Amino acid sequence: MSCKHLVLKSFRLGILIALAFTSNSCGIYSFTGASIPAGTETFQVNYFDNLAGNRPGSIVEPGLDRDFTLALQDLIQNQTSLNLVNTNGDLIYEGEITEYSVTPMSATSQNTAAQNRLTMKVNLRYYNTKNEEDDFERSYSFFYDFGAELQVYDIKDAAHEEIFERLTQNIFNDTLAKW
C-alpha cells in the first residue's frame, strides 16, 4: 500500500469520526463551551430594571441598568451563533438589579474604613421556549474591592468591567455552558 493510500484512508477515517461525533450530539457546541439547545436560533435580553435604589443601603447609579443589559447581550452574541431579537426569542433573559452598595471591609486603628467593597446583585429569570425544563430564576452577585481613600466615581469603570464580566459569565455558564 502506498503512502498516498495511507494518507487518504487516514483522512477518510478522520472525517467519519468527526461526523459520528457531530451527528450524535444533542445541540450545537461552540469553541467557547456553549451548548446551544437544538432548534434554538435566537435570544432576547429584556431590559434589567435597576431596583437597587429601593433597597436600604443601596445607591442609585444612573445607566447601570442599560450598561448591564448591553454587557449580557454582547457576551451572548460574542460567544454563540444565536441572533439577538427584541421579541419572541427562543431563549429569554430578564430580571432586575436588586443591589448596588458600598460596604466597609476592613478598618484602620482609628476605626475608619481601610477598604471598601462595591457589590452588585442581579435577579435573573431565564426561559427556554424550546424546553421549559431549563427555565429557572436565580440571583447572582459579585463585588469589587477598593481603597477607602477612593470614591465609587473613581473606580466605577474598572469595577463595572470586572463585576459585569463575572456576572454575565456566570449567567452564560448556567444557561448555555451548563457548568
# chains A, B, ... in the order shown; residues from 1 in each chain; ligands from 1
call {"tool": "residues_around", "arguments": {"residues": "Ser101 (chain A)", "least_positions_apart": "5", "cutoff": "6 Å", "atoms": "only C-alpha atoms", "output": "list in words"}}
result
Ser58, Ile59, Leu118 and Thr119 of chain A
call {"tool": "write_last_selection", "arguments": {"atoms": "C-alpha atoms", "output": "CSV table (one decimal), in the first residue's frame"}}
result
chain,number,residue,atom,x,y,z
A,58,SER,CA,-28.0,50.6,48.1
A,59,ILE,CA,-27.1,53.5,45.9
A,118,LEU,CA,-18.8,47.6,45.9
A,119,THR,CA,-21.4,44.8,45.5
call {"tool": "closest_residue", "arguments": {"among": "A:Thr103, A:Ser35, A:Asn86, A:Asn131", "to": "Gly57 (chain A)", "atoms": "only C-alpha atoms"}}
result
A:Thr103
call {"tool": "residues_around", "arguments": {"residues": "Leu70 (chain A)", "least_positions_apart": "6", "cutoff": "12 Å", "atoms": "only C-alpha atoms", "output": "ChimeraX atom specification"}}
result
/A:44-48,63-64,76-78,84,93,164-165,168
call {"tool": "write_last_selection", "arguments": {"atoms": "C-alpha atoms", "output": "PDB file, in the first residue's frame"}}
result
ATOM      1  CA  GLN A  44     -33.538  38.184  23.745  1.00  0.00           C
ATOM      2  CA  VAL A  45     -32.311  40.116  26.747  1.00  0.00           C
ATOM      3  CA  ASN A  46     -35.057  42.218  28.235  1.00  0.00           C
ATOM      4  CA  TYR A  47     -34.084  45.434  29.987  1.00  0.00           C
ATOM      5  CA  PHE A  48     -32.785  44.786  33.514  1.00  0.00           C
ATOM      6  CA  GLY A  63     -27.158  53.990  33.437  1.00  0.00           C
ATOM      7  CA  LEU A  64     -26.284  50.839  35.378  1.00  0.00           C
ATOM      8  CA  ILE A  76     -24.038  36.004  24.341  1.00  0.00           C
ATOM      9  CA  GLN A  77     -23.601  37.466  20.850  1.00  0.00           C
ATOM     10  CA  ASN A  78     -19.822  37.126  21.004  1.00  0.00           C
ATOM     11  CA  LEU A  84     -30.352  38.830  19.111  1.00  0.00           C
ATOM     12  CA  TYR A  93     -33.191  36.613  29.778  1.00  0.00           C
ATOM     13  CA  PHE A 164     -20.228  42.733  34.684  1.00  0.00           C
ATOM     14  CA  GLU A 165     -17.708  40.229  33.316  1.00  0.00           C
ATOM     15  CA  THR A 168     -22.548  37.775  32.733  1.00  0.00           C
TER      16      THR A 168
END
call {"tool": "atom_distance", "arguments": {"atom1": "CA of Gln169 (chain A)", "atom2": "CA of Ala71 (chain A)"}}
result
10.0 Å
call {"tool": "atom_distance", "arguments": {"atom1": "CA of Arg125 (chain A)", "atom2": "CA of Phe172 (chain A)"}}
result
12.6 Å
